[in-house]
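Structure file work29.txt with compact mmCIF, C-alpha atoms and all ligand atoms:
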```txt
# COMPACT_ATOMS: atom_id res chain seq x y z
CA MET A 187 -11.12 4.33 22.47
CA HIS A 188 -8.03 3.36 20.44
CA LEU A 189 -4.26 3.84 20.48
CA LYS A 190 -2.41 6.19 18.20
CA VAL A 191 1.30 6.80 17.57
CA ILE A 192 2.46 10.41 17.25
CA ALA A 193 5.17 9.86 14.63
CA ASP A 194 7.10 13.03 15.52
CA ASN A 195 7.51 11.87 19.17
CA CYS A 196 8.57 8.30 18.31
CA THR A 197 12.32 7.62 18.69
CA ALA A 198 12.04 4.05 17.37
CA CYS A 199 13.47 2.71 20.67
CA GLY A 200 11.43 -0.49 20.21
CA LEU A 201 10.33 -0.77 23.89
CA CYS A 202 6.66 -0.79 22.90
CA VAL A 203 7.27 -3.63 20.42
CA GLU A 204 8.77 -5.76 23.21
CA SER A 205 6.02 -4.82 25.66
CA CYS A 206 3.08 -5.91 23.50
CA PRO A 207 1.87 -9.39 24.50
CA TYR A 208 -0.11 -9.71 21.24
CA SER A 209 2.63 -8.66 18.76
CA ALA A 210 0.36 -5.87 17.56
CA ILE A 211 3.24 -3.36 17.32
CA GLU A 212 6.05 -3.31 14.79
CA MET A 213 8.57 -0.77 13.50
CA ARG A 214 7.81 0.65 10.06
CA LYS A 215 10.25 3.13 8.58
CA ASP A 216 11.59 4.09 12.04
CA THR A 217 8.17 4.65 13.59
CA ALA A 218 6.09 2.35 15.78
CA PHE A 219 2.99 1.03 13.99
CA ILE A 220 0.08 -0.41 15.97
CA SER A 221 -2.16 -2.79 14.08
CA MET A 222 -5.63 -2.01 15.44
CA GLU A 223 -6.78 -5.31 13.96
CA ILE A 224 -4.59 -7.20 16.48
CA CYS A 225 -4.49 -4.72 19.40
CA THR A 226 -6.75 -5.70 22.31
CA LEU A 227 -6.39 -2.30 24.03
CA CYS A 228 -4.57 -3.98 26.96
CA ARG A 229 -2.48 -0.75 27.20
CA ALA A 230 0.77 -2.56 28.15
CA CYS A 231 2.66 -0.27 25.75
CA LEU A 232 1.51 3.01 27.30
CA PRO A 233 3.73 3.09 30.43
CA VAL A 234 6.85 1.83 28.60
CA CYS A 235 6.81 4.65 26.03
CA GLN A 236 9.23 7.26 27.44
CA THR A 237 8.44 9.98 24.91
CA GLY A 238 4.65 10.00 25.04
CA ALA A 239 4.48 8.89 21.42
CA ILE A 240 1.65 6.42 22.11
CA ILE A 241 -1.59 7.99 23.20
CA GLU A 242 -5.13 6.85 23.85
CA VAL A 243 -7.66 8.47 21.56
CA SER A 244 -11.04 8.63 23.21
CA GLY A 245 -14.48 9.35 21.86
CA LEU A 246 -14.08 6.97 18.94
CA THR A 247 -16.92 4.74 19.99
CA GLU A 248 -17.11 3.10 16.62
CA VAL A 249 -13.54 1.81 16.59
CA SER A 250 -14.84 -1.75 16.90
CA GLN A 251 -16.49 -1.16 13.51
CA THR A 252 -13.09 -0.38 12.02
CA LEU A 253 -11.58 -3.66 13.20
CA SER A 254 -13.69 -5.87 10.96
CA TYR A 255 -12.83 -3.85 7.81
CA THR A 256 -9.55 -4.84 6.11
CA GLY A 257 -7.97 -4.70 2.68
CA ILE A 258 -8.26 -2.30 -0.24
CA LEU A 259 -10.97 -2.37 -2.91
CA VAL A 260 -10.61 -0.56 -6.26
CA PHE A 261 -13.70 0.14 -8.36
CA ALA A 262 -12.61 -0.92 -11.87
CA GLU A 263 -14.51 1.24 -14.36
CA GLN A 264 -15.14 -0.10 -17.85
CA ARG A 265 -17.14 1.02 -20.85
CA ASN A 266 -17.52 -1.09 -23.98
CA LYS A 267 -15.12 -3.58 -22.37
CA LYS A 268 -12.34 -1.00 -22.17
CA LEU A 269 -10.96 -0.29 -18.71
CA ALA A 270 -10.65 3.36 -17.71
CA SER A 271 -6.94 4.11 -17.41
CA VAL A 272 -7.52 5.63 -13.94
CA SER A 273 -8.63 2.19 -12.70
CA LEU A 274 -5.26 0.73 -13.71
CA GLU A 275 -3.51 3.67 -12.05
CA LEU A 276 -5.50 3.00 -8.86
CA LEU A 277 -4.56 -0.68 -8.94
CA GLY A 278 -0.90 0.45 -9.13
CA LYS A 279 -1.31 2.76 -6.13
CA GLY A 280 -3.56 0.24 -4.34
CA ARG A 281 -0.84 -2.42 -4.74
CA GLU A 282 1.69 -0.10 -3.08
CA LEU A 283 -0.70 0.73 -0.19
CA ALA A 284 -1.71 -2.92 0.26
CA ASP A 285 1.95 -3.94 0.47
CA ASP A 286 2.52 -1.17 3.05
CA LEU A 287 -0.45 -2.35 5.12
CA ASN A 288 0.24 -6.02 4.45
CA CYS A 289 -3.33 -6.59 3.28
CA MET A 290 -5.23 -7.80 0.20
CA LEU A 291 -5.91 -5.69 -2.89
CA SER A 292 -9.21 -6.45 -4.56
CA ALA A 293 -11.16 -4.93 -7.46
CA VAL A 294 -14.85 -4.86 -8.28
CA ILE A 295 -15.97 -4.71 -11.91
CA LEU A 296 -19.53 -4.37 -13.25
CA GLY A 297 -20.85 -4.95 -16.76
CA ASN A 298 -22.28 -7.50 -19.17
CA ASP A 299 -20.22 -10.28 -20.73
CA ILE A 300 -16.99 -9.03 -19.17
CA LYS A 301 -15.56 -12.23 -17.67
CA GLU A 302 -12.23 -11.91 -19.47
CA MET A 303 -11.68 -8.45 -17.96
CA ALA A 304 -11.20 -9.94 -14.47
CA ASP A 305 -7.89 -11.54 -15.60
CA GLU A 306 -6.74 -8.14 -16.81
CA LEU A 307 -7.28 -6.69 -13.31
CA ILE A 308 -5.25 -9.50 -11.75
CA ALA A 309 -2.45 -8.88 -14.26
CA TYR A 310 -2.44 -5.24 -13.14
CA GLY A 311 -2.07 -6.03 -9.43
CA ALA A 312 -5.39 -7.26 -7.92
CA ASP A 313 -5.27 -10.32 -5.62
CA ARG A 314 -9.01 -10.81 -5.92
CA VAL A 315 -11.72 -9.62 -8.32
CA TYR A 316 -15.45 -9.36 -7.56
CA LEU A 317 -17.11 -9.88 -10.91
CA ALA A 318 -20.68 -8.59 -11.34
CA ASP A 319 -21.52 -9.81 -14.84
CA ASN A 320 -25.19 -9.31 -15.68
CA PRO A 321 -27.25 -7.88 -18.59
CA GLN A 322 -28.77 -5.34 -16.19
CA LEU A 323 -25.28 -3.83 -15.81
CA SER A 324 -24.50 -3.43 -19.51
CA ASP A 325 -24.74 0.39 -19.31
CA PHE A 326 -23.78 2.60 -16.41
CA ASN A 327 -26.72 3.35 -14.14
CA ASP A 328 -26.42 5.19 -10.83
CA ASP A 329 -29.00 3.10 -8.97
CA ALA A 330 -27.75 -0.28 -10.20
CA TYR A 331 -24.05 0.49 -9.66
CA THR A 332 -24.75 1.92 -6.18
CA GLU A 333 -26.72 -1.18 -5.20
CA VAL A 334 -24.13 -3.70 -6.41
CA VAL A 335 -21.02 -1.93 -5.08
CA PHE A 336 -22.81 -1.29 -1.76
CA ARG A 337 -23.59 -5.01 -1.45
CA VAL A 338 -19.98 -6.00 -2.24
CA ILE A 339 -18.61 -3.59 0.40
CA GLN A 340 -21.14 -4.68 3.02
CA ARG A 341 -20.34 -8.32 2.46
CA TYR A 342 -16.54 -8.23 2.04
CA LYS A 343 -15.81 -5.20 4.28
CA PRO A 344 -12.73 -3.55 2.72
CA GLY A 345 -10.98 -0.97 4.95
CA ILE A 346 -10.29 1.33 1.97
CA VAL A 347 -12.31 1.91 -1.24
CA LEU A 348 -10.78 3.79 -4.19
CA ALA A 349 -12.47 4.95 -7.41
CA GLY A 350 -11.54 7.27 -10.28
CA ALA A 351 -12.81 10.86 -10.10
CA THR A 352 -14.40 10.35 -13.51
CA SER A 353 -17.96 11.29 -14.45
CA ILE A 354 -19.08 7.79 -13.40
CA GLY A 355 -17.05 7.69 -10.17
CA ARG A 356 -18.15 11.19 -9.17
CA SER A 357 -21.75 10.29 -9.87
CA PHE A 358 -22.34 7.10 -7.89
CA ILE A 359 -19.49 6.69 -5.37
CA PRO A 360 -20.88 9.47 -3.09
CA ARG A 361 -24.21 7.56 -3.04
CA VAL A 362 -22.39 4.38 -1.95
CA ALA A 363 -20.61 6.33 0.82
CA ALA A 364 -23.91 7.85 1.97
CA ARG A 365 -25.59 4.44 2.11
CA LEU A 366 -22.69 3.03 4.12
CA GLY A 367 -22.77 6.05 6.45
CA THR A 368 -19.08 6.74 5.90
CA GLY A 369 -17.02 9.70 4.64
CA LEU A 370 -15.67 10.28 1.14
CA THR A 371 -12.77 12.46 0.07
CA ALA A 372 -13.46 13.47 -3.51
CA ASP A 373 -10.93 14.36 -6.20
CA CYS A 374 -7.74 13.33 -4.37
CA THR A 375 -4.36 14.04 -5.91
CA GLY A 376 -2.33 11.98 -3.43
CA LEU A 377 -2.77 8.89 -1.23
CA GLY A 378 -0.54 7.46 1.47
CA ILE A 379 -0.65 5.70 4.82
CA ASP A 380 -0.47 7.67 8.07
CA LYS A 381 2.44 5.96 9.83
CA GLY A 382 1.05 6.14 13.35
CA ALA A 383 -2.50 4.85 13.06
CA GLY A 384 -2.30 3.04 9.70
CA LEU A 385 -5.05 5.28 8.32
CA LEU A 386 -5.42 6.35 4.68
CA LEU A 387 -3.90 9.80 4.18
CA GLN A 388 -5.92 11.53 1.48
CA THR A 389 -4.51 14.68 -0.14
CA ARG A 390 -6.57 17.08 -2.25
CA PRO A 391 -6.55 20.77 -3.20
CA ALA A 392 -8.87 22.91 -1.06
CA PHE A 393 -9.98 26.55 -0.93
CA GLY A 394 -9.87 26.99 -4.70
CA GLY A 395 -6.55 25.18 -4.93
CA ASN A 396 -4.72 27.56 -2.61
CA ILE A 397 -3.87 24.85 -0.05
CA MET A 398 -3.38 21.09 -0.16
CA ALA A 399 -5.53 19.48 2.54
CA GLU A 400 -4.62 16.14 4.15
CA ILE A 401 -7.77 14.29 5.19
CA LEU A 402 -8.19 11.26 7.48
CA CYS A 403 -11.30 9.18 8.16
CA PRO A 404 -10.46 7.75 11.61
CA VAL A 405 -13.84 6.46 12.77
CA ARG A 406 -16.13 5.28 9.96
CA ARG A 407 -15.42 2.45 7.53
CA PRO A 408 -14.55 2.02 4.78
CA GLN A 409 -12.26 5.00 4.13
CA MET A 410 -13.35 6.15 0.67
CA SER A 411 -11.65 8.33 -1.96
CA THR A 412 -12.15 9.28 -5.56
CA VAL A 413 -8.84 10.05 -7.27
CA ARG A 414 -8.04 12.26 -10.26
CA PRO A 415 -6.94 10.43 -13.40
CA LYS A 416 -3.25 10.59 -14.35
CA VAL A 417 -1.84 11.44 -10.93
CA MET A 418 -0.84 7.84 -10.05
CA LYS A 419 1.26 5.44 -12.09
CA ARG A 420 -0.01 2.01 -13.17
CA ILE A 421 2.28 -0.98 -12.61
CA GLU A 422 3.61 -3.21 -15.39
CA LYS A 423 1.07 -5.74 -16.60
CA ASN A 424 2.08 -9.26 -15.50
CA ARG A 425 0.09 -12.08 -17.08
CA GLN A 426 1.77 -14.57 -14.71
CA ARG A 427 0.11 -13.04 -11.62
CA GLN A 428 -2.39 -15.33 -9.93
CA GLY A 429 -5.59 -14.18 -8.28
CA GLU A 430 -9.06 -15.23 -7.24
CA ILE A 431 -12.26 -14.32 -9.12
CA ILE A 432 -15.46 -14.19 -7.06
CA PRO A 433 -18.71 -13.93 -9.05
CA ILE A 434 -21.32 -11.59 -7.59
CA ILE A 435 -24.58 -13.39 -8.24
CA ILE A 436 -27.54 -11.23 -9.23
CA ASP A 437 -29.50 -13.99 -11.07
CA ASN A 438 -32.89 -12.85 -12.32
CA GLU A 439 -33.46 -10.44 -9.48
CA LYS A 440 -34.53 -7.04 -10.87
CA ILE A 441 -32.35 -4.22 -9.52
CA PRO A 442 -34.60 -1.18 -8.94
CA CYS A 443 -33.48 1.69 -11.22
CA ARG A 444 -35.16 5.07 -11.50
CA ALA A 445 -33.43 6.01 -14.75
CA ARG A 446 -32.68 4.22 -17.99
CA MET A 447 -30.25 4.98 -20.77
CA LEU A 448 -31.91 6.21 -23.97
CA ASP A 449 -28.87 7.11 -26.04
CA PHE A 450 -25.15 7.80 -25.83
CA VAL A 451 -24.04 11.11 -27.35
CA ALA A 452 -20.27 11.60 -27.67
CA ASP A 453 -18.73 15.00 -26.79
CA LEU A 454 -17.98 16.49 -30.19
CA THR A 455 -16.25 19.64 -28.91
CA SER A 456 -12.88 17.91 -28.66
CA THR A 457 -11.92 15.16 -31.08
CA ILE A 458 -9.28 13.72 -28.75
CA ASN A 459 -9.65 13.49 -24.98
CA ILE A 460 -6.51 15.23 -23.69
CA GLN A 461 -6.24 12.81 -20.77
CA GLU A 462 -5.85 9.88 -23.13
CA ALA A 463 -3.56 11.60 -25.68
CA ASP A 464 0.12 10.66 -26.10
CA VAL A 465 0.95 14.09 -27.52
CA ILE A 466 -0.52 17.39 -26.33
CA VAL A 467 0.21 20.83 -27.79
CA SER A 468 -1.01 23.57 -25.45
CA GLY A 469 -1.43 27.28 -26.06
CA GLY A 470 -1.44 30.15 -23.58
CA ARG A 471 -1.97 33.89 -23.34
CA GLY A 472 1.19 34.41 -25.41
CA LEU A 473 -0.90 33.59 -28.51
CA GLY A 474 -2.40 37.06 -28.11
CA ASP A 475 -5.73 36.22 -29.77
CA GLY A 476 -8.14 33.29 -30.11
CA LYS A 477 -7.68 33.09 -33.86
CA ASN A 478 -4.00 32.27 -33.33
CA PHE A 479 -5.00 28.96 -31.73
CA LYS A 480 -5.04 27.60 -35.30
CA LEU A 481 -1.21 27.50 -35.04
CA VAL A 482 -1.51 25.23 -31.99
CA GLU A 483 -4.13 23.07 -33.76
CA GLU A 484 -1.96 22.79 -36.85
CA LEU A 485 1.07 21.62 -34.84
CA ALA A 486 -1.13 19.18 -32.88
CA ASP A 487 -2.53 17.82 -36.17
CA ALA A 488 0.95 17.40 -37.66
CA LEU A 489 1.96 15.36 -34.57
CA GLY A 490 -1.32 13.44 -34.32
CA GLY A 491 -1.92 14.97 -30.89
CA ALA A 492 -4.57 16.82 -28.89
CA VAL A 493 -4.90 20.52 -28.11
CA GLY A 494 -4.51 21.78 -24.54
CA ALA A 495 -4.65 25.26 -23.06
CA SER A 496 -3.75 27.35 -20.04
CA ARG A 497 -6.51 28.83 -17.92
CA ALA A 498 -5.66 32.30 -19.24
CA ALA A 499 -6.50 31.10 -22.76
CA VAL A 500 -9.73 29.43 -21.58
CA ASP A 501 -10.77 32.45 -19.50
CA SER A 502 -10.21 34.66 -22.58
CA GLY A 503 -12.81 32.53 -24.39
CA TRP A 504 -10.28 31.32 -26.99
CA ILE A 505 -10.96 27.60 -26.38
CA ALA A 506 -13.41 25.42 -24.41
CA TYR A 507 -12.78 24.54 -20.75
CA SER A 508 -12.52 20.82 -21.63
CA HIS A 509 -9.02 21.64 -23.00
CA GLN A 510 -7.74 23.33 -19.83
CA VAL A 511 -4.68 21.75 -18.24
CA GLY A 512 -3.86 22.39 -14.60
CA GLN A 513 -5.11 22.46 -11.07
CA THR A 514 -8.63 23.51 -11.94
CA GLY A 515 -8.52 21.79 -15.34
CA LYS A 516 -7.28 18.33 -16.27
CA THR A 517 -4.17 16.52 -15.09
CA VAL A 518 -2.31 15.03 -18.05
CA ALA A 519 0.80 12.89 -18.46
CA PRO A 520 1.42 12.44 -22.20
CA LYS A 521 4.65 11.19 -23.79
CA LEU A 522 5.18 14.67 -25.29
CA TYR A 523 3.81 18.01 -23.99
CA ILE A 524 4.52 21.19 -25.96
CA ALA A 525 3.75 24.48 -24.15
CA ILE A 526 3.43 27.47 -26.46
CA GLY A 527 3.27 30.98 -24.96
CA ILE A 528 2.61 29.60 -21.48
CA SER A 529 4.54 31.16 -18.56
CA GLY A 530 4.52 28.07 -16.28
CA ALA A 531 2.45 29.22 -13.30
CA VAL A 532 2.40 26.59 -10.54
CA GLN A 533 -1.31 25.92 -11.16
CA HIS A 534 -0.50 24.98 -14.77
CA LEU A 535 2.58 22.94 -13.86
CA VAL A 536 0.72 20.64 -11.42
CA GLY A 537 -1.42 19.50 -14.32
CA MET A 538 1.37 18.57 -16.76
CA GLN A 539 4.73 18.18 -15.03
CA SER A 540 4.62 14.39 -15.01
CA SER A 541 4.65 14.35 -18.83
CA ASP A 542 7.56 12.27 -20.19
CA ILE A 543 9.06 15.01 -22.40
CA ILE A 544 8.21 18.71 -22.06
CA VAL A 545 9.06 21.24 -24.77
CA ALA A 546 8.51 24.94 -24.04
CA ILE A 547 8.37 27.79 -26.55
CA ASN A 548 8.49 31.22 -24.93
CA LYS A 549 10.09 34.56 -25.78
CA ASN A 550 11.03 35.19 -22.13
CA PRO A 551 14.18 33.20 -21.21
CA ASP A 552 13.27 33.53 -17.50
CA ALA A 553 9.77 32.02 -17.85
CA SER A 554 9.14 29.37 -15.14
CA ILE A 555 8.04 26.83 -17.77
CA PHE A 556 11.73 26.38 -18.64
CA ASN A 557 12.34 25.00 -15.11
CA VAL A 558 10.32 21.87 -15.94
CA ALA A 559 11.07 21.68 -19.70
CA ASN A 560 13.39 19.04 -21.16
CA TYR A 561 13.81 21.22 -24.25
CA GLY A 562 13.33 24.98 -24.31
CA ILE A 563 13.08 27.23 -27.35
CA VAL A 564 13.51 30.92 -26.53
CA GLY A 565 11.88 32.83 -29.34
CA ASP A 566 8.75 34.36 -30.83
CA LEU A 567 6.11 31.63 -31.17
CA PHE A 568 4.89 33.20 -34.43
CA GLU A 569 8.29 32.43 -35.96
CA VAL A 570 9.10 29.16 -34.15
CA VAL A 571 5.80 27.29 -34.49
CA PRO A 572 5.35 27.70 -38.30
CA LEU A 573 8.95 26.53 -38.75
CA LEU A 574 8.29 23.47 -36.57
CA ILE A 575 5.11 22.62 -38.51
CA LYS A 576 7.00 22.97 -41.81
CA LYS A 577 9.86 20.71 -40.63
CA ILE A 578 7.49 18.05 -39.26
CA LYS A 579 5.45 18.00 -42.48
CA GLU A 580 8.62 17.74 -44.59
CA ASN A 581 9.63 14.63 -42.65
CA GLN A 582 6.24 12.89 -42.92
P1 LIG B 601 0.74 34.22 -18.87
O1 LIG B 601 1.15 33.93 -17.49
O2 LIG B 601 0.29 35.60 -19.17
O3 LIG B 601 1.96 33.83 -19.81
C1 LIG B 601 2.02 34.11 -21.18
C2 LIG B 601 3.42 33.72 -21.63
O4 LIG B 601 3.51 33.87 -23.03
C3 LIG B 601 4.53 34.57 -21.03
O5 LIG B 601 5.49 33.73 -20.40
C4 LIG B 601 5.13 35.30 -22.21
O6 LIG B 601 6.54 35.47 -22.09
C5 LIG B 601 4.79 34.38 -23.36
N1 LIG B 601 4.70 35.07 -24.65
C6 LIG B 601 3.99 36.20 -24.93
N2 LIG B 601 4.09 36.48 -26.27
C7 LIG B 601 4.85 35.51 -26.80
C8 LIG B 601 5.34 35.25 -28.12
N3 LIG B 601 5.00 36.04 -29.16
N4 LIG B 601 6.13 34.17 -28.32
C9 LIG B 601 6.48 33.36 -27.31
N5 LIG B 601 6.06 33.56 -26.01
C10 LIG B 601 5.26 34.62 -25.79
N6 LIG B 601 -3.81 28.12 -14.86
C11 LIG B 601 -3.80 27.06 -15.68
O7 LIG B 601 -3.17 27.08 -16.75
N7 LIG B 601 -4.54 25.95 -15.35
C12 LIG B 601 -5.25 25.85 -14.20
O8 LIG B 601 -5.92 24.83 -13.98
C13 LIG B 601 -5.23 26.97 -13.30
N8 LIG B 601 -5.89 26.92 -12.13
C14 LIG B 601 -5.79 27.97 -11.26
C15 LIG B 601 -6.37 27.90 -9.97
C16 LIG B 601 -6.25 28.95 -9.09
C17 LIG B 601 -6.86 28.82 -7.72
C18 LIG B 601 -5.56 30.12 -9.48
C19 LIG B 601 -5.42 31.26 -8.52
C20 LIG B 601 -4.99 30.22 -10.74
C21 LIG B 601 -5.09 29.16 -11.64
N9 LIG B 601 -4.51 29.22 -12.92
C22 LIG B 601 -4.50 28.12 -13.70
C23 LIG B 601 -3.97 30.48 -13.46
C24 LIG B 601 -2.45 30.59 -13.37
O9 LIG B 601 -2.09 31.14 -12.13
C25 LIG B 601 -1.92 31.51 -14.49
O10 LIG B 601 -2.55 32.78 -14.39
C26 LIG B 601 -2.13 30.98 -15.90
O11 LIG B 601 -1.66 29.65 -15.99
C27 LIG B 601 -1.36 31.84 -16.88
O12 LIG B 601 -1.61 31.41 -18.18
P2 LIG B 601 -0.53 31.67 -19.33
O13 LIG B 601 0.76 31.03 -18.96
O14 LIG B 601 -1.16 31.30 -20.62
O15 LIG B 601 -0.42 33.27 -19.34
```
Rewrite the structure of this file - the entire thing - as structure tokens.
Amino acid sequence: MHLKVIADNCTACGLCVESCPYSAIEMRKDTAFISMEICTLCRACLPVCQTGAIIEVSGLTEVSQTLSYTGILVFAEQRNKKLASVSLELLGKGRELADDLNCMLSAVILGNDIKEMADELIAYGADRVYLADNPQLSDFNDDAYTEVVFRVIQRYKPGIVLAGATSIGRSFIPRVAARLGTGLTADCTGLGIDKGAGLLLQTRPAFGGNIMAEILCPVRRPQMSTVRPKVMKRIEKNRQRQGEIIPIIIDNEKIPCRARMLDFVADLTSTINIQEADVIVSGGRGLGDGKNFKLVEELADALGGAVGASRAAVDSGWIAYSHQVGQTGKTVAPKLYIAIGISGAVQHLVGMQSSDIIVAINKNPDASIFNVANYGIVGDLFEVVPLLIKKIKENQ
């Protein structure tokens, strides 16, 4: 049993706040918020609520489990001592959620000889860092990472756990959730706090991207999500921030692992990862033929950028899927995004509209891409793009 506020019914009259003998209720953004960590289920608020906004939710026998879990934990992913940018983005979002919930934001980082990276996480918003620094963790390994992150969660009991929906996050975070017996919402594109119950509101595309689902995990703890890179904004780095570093001691204990790394082979199909690029030049169906992608590549080369593509171009077999931008491709947010012969379907726009500057080249003045573009060039791409390349090269 627990209490829940139906936000739509709440008139913010404040009677429930006055009625609570334990000060478990407060007003947040014009809606009553019940802290289930303080609430004793005395039910004094129920009869005073005139609009039926506070209700008892039954059948949640494990609510007592939820009470001992507080705070937010971000899995900070690193490789070769370089933090994945999604981890910094999650610290930014985690900071916002922790301030909303008035709780601690912590991070867990695994690796070998990575002590100095803990300060970096504090500078980007963490109040506390769990540092698992051990030679056994020098390379990513599903079994080892699952074991260590599982132990940290069991011991420190965060209410919310966030990780990047990267290859590493997608690989081991579901195992951690399964071992904890809790739920996991994979590949989220939005996170917030449900005003009534203080639960994590997890948003992700569902049914092939045709609807956006909002998912709650009301019973089990922690509430766990993996989040797509580039959909959240990191906060400014602040070297003055203070935080606590807690070493996770593994000593000489051998962590059982069923796999070992033999070699690392880099993906050679794309020279620049589009999610890390500052400049992206993308081509669409308007190119008319795969061989015309060389125009896009030439412009990207001249600008020192990466090549992106619409799904129509990928589906036509003109370029590999790893270049696809959009709902079922990658989400990108470069400083400059140039869309060539791309109409601007909503599924493409969701993957690139948070770019700083968008330039669109399209022969149709009514193309939707112009609605999000900072600069639009209406014209034939086969005339415009060679001219652009020529001008850029002249100025180099
Ligand atoms: P078109 O829509 O055909 O546009 C081509 C454009 O080129 C037109 O605007 C035309 O005016 C212009 N053009 C033609 N010739 C020239 C020329 N010579 N000079 C200048 N301009 C010219 N799409 C994605 O991109 N990414 C996704 O991740 C994605 N996921 C999807 C998921 C779902 C569930 C669904 C249903 C669809 C998804 N799509 C996605 C597909 C999306 O709906 C569009 O079909 C696709 O983005 C269209 O690609 P396009 O803009 O290249 O082609």
List the spatial neighbours of range 423-433 of chain A as an NGL selection string - criterion: any atom at most 12 Å away, only C-alpha atoms, same-chain residues fewer than 5 positions off excluded. :A and (274-275 or 277-278 or 290-296 or 300-320 or 334 or 338 or 342)
Residue neighbourhood range 521-537 of chain A, 8 Å, only C-alpha atoms, exclusion window fewer than 5 positions, as a ChimeraX atom specification: /A:464-473,482,496-497,511-516,542-549,553-556,567
Counting all atoms listed in the file, which residue out of A:Ile359, A:Val564, A:Leu201, A:Ala559 sits closest to ligand LIG 601 (chain B)? A:Val564
To one decimal place, how far is CA of Ala230 in chain A from CA of Pro408 in chain A in Å?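 Going from CA of Ala230 in chain A over to CA of Pro408 in chain A covers 28.3 Å.
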When you look at Gln236 in chain A with a cut-off of 10 Å (counting only C-alpha atoms), what residues show up, excluding the ones that are within fewer than 4 positions of it in the same chain? I need them as an mmCIF file with C-alpha atoms, in the coordinates of the input.
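Final output, saved to selection03.cif:
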```cif
data_model
loop_
_atom_site.group_PDB
_atom_site.id
_atom_site.type_symbol
_atom_site.label_atom_id
_atom_site.label_comp_id
_atom_site.auth_asym_id
_atom_site.auth_seq_id
_atom_site.Cartn_x
_atom_site.Cartn_y
_atom_site.Cartn_z
ATOM 1 C CA ASN A 195 7.510 11.870 19.170
ATOM 2 C CA CYS A 196 8.570 8.300 18.310
ATOM 3 C CA THR A 197 12.320 7.620 18.690
ATOM 4 C CA CYS A 199 13.470 2.710 20.670
ATOM 5 C CA LEU A 201 10.330 -0.770 23.890
ATOM 6 C CA CYS A 202 6.660 -0.790 22.900
ATOM 7 C CA LEU A 232 1.510 3.010 27.300
ATOM 8 C CA ILE A 240 1.650 6.420 22.110
#
```
Set the distance at 9 Å and use all atoms listed in the file: which residues neighbour Arg229 in chain A once local chain neighbours fewer than 6 positions away are removed? I'd like the list as a PyMOL selection string. chain A and resi 189+206+242
Could you please take those selected residues and save C-alpha atoms as a PDB file, in the coordinates of the input?
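Contents of selection_35.pdb, freshly written:
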```
ATOM      1  CA  LEU A 189      -4.260   3.840  20.480  1.00  0.00           C
ATOM      2  CA  CYS A 206       3.080  -5.910  23.500  1.00  0.00           C
ATOM      3  CA  GLU A 242      -5.130   6.850  23.850  1.00  0.00           C
TER       4      GLU A 242
END
```
Using only C-alpha atoms, which protein or nucleic acid residues come within 12 Å of Arg444 in chain A? Drop anything in the same chain fewer than 6 positions from it, and give the result as a VMD selection string. chain A and resid 327 to 330
Can I get the selection written as a PDB file, in the frame of the given file, with C-alpha atoms?
```
ATOM      1  CA  ASN A 327     -26.720   3.350 -14.140  1.00  0.00           C
ATOM      2  CA  ASP A 328     -26.420   5.190 -10.830  1.00  0.00           C
ATOM      3  CA  ASP A 329     -29.000   3.100  -8.970  1.00  0.00           C
ATOM      4  CA  ALA A 330     -27.750  -0.280 -10.200  1.00  0.00           C
TER       5      ALA A 330
END
```
Residues proximal to (-10.1, 30.7, -23.6) were defined as those with any atom within 10 Å of that point in the file's coordinates, counting all atoms listed in the file. Which are they, as a PyMOL selection string? chain A and resi 469-471+475-476+479+495-507+509-510
Let me make sure I understand: among A:Gln461, A:Thr332, A:Ile346, A:Cys374, which one has the smallest atom-to-atom distance to Arg361 in chain A if we use only C-alpha atoms?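 Of A:Gln461, A:Thr332, A:Ile346, A:Cys374, the one nearest Arg361 in chain A, counting only C-alpha atoms, is A:Thr332.
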Expressed in Å to a single decimal, how great is the separation between CA of Ala372 in chain A and CA of Ala392 in chain A?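 Atom-to-atom, CA of Ala372 in chain A to CA of Ala392 in chain A, that is 10.8 Å.
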Atom pair atom C17 of ligand LIG 601 (chain B) / CA of Phe393 in chain A: separation (Å):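 That distance, rounded to one decimal, is 7.8 Å.
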Counting all atoms listed in the file, which residue out of A:Ala488, A:Met398, A:Met410, A:Ala239 sits closest to ligand LIG 601 (chain B)?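 Ranking A:Ala488, A:Met398, A:Met410, A:Ala239 by distance to ligand LIG 601 (chain B), first place goes to A:Met398.
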When distances are computed from all atoms listed in the file, which of A:Pro520, A:Ile354, A:Thr371, A:Lys480 shows the smallest separation from Ile575 in chain A?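 The closest residue to Ile575 in chain A is A:Lys480.
Taking only C-alpha atoms into account, Tyr255 in chain A lies nearest to A:Glu223 out of the set A:Asp449, A:Glu223, A:Asp299, A:Glu439.
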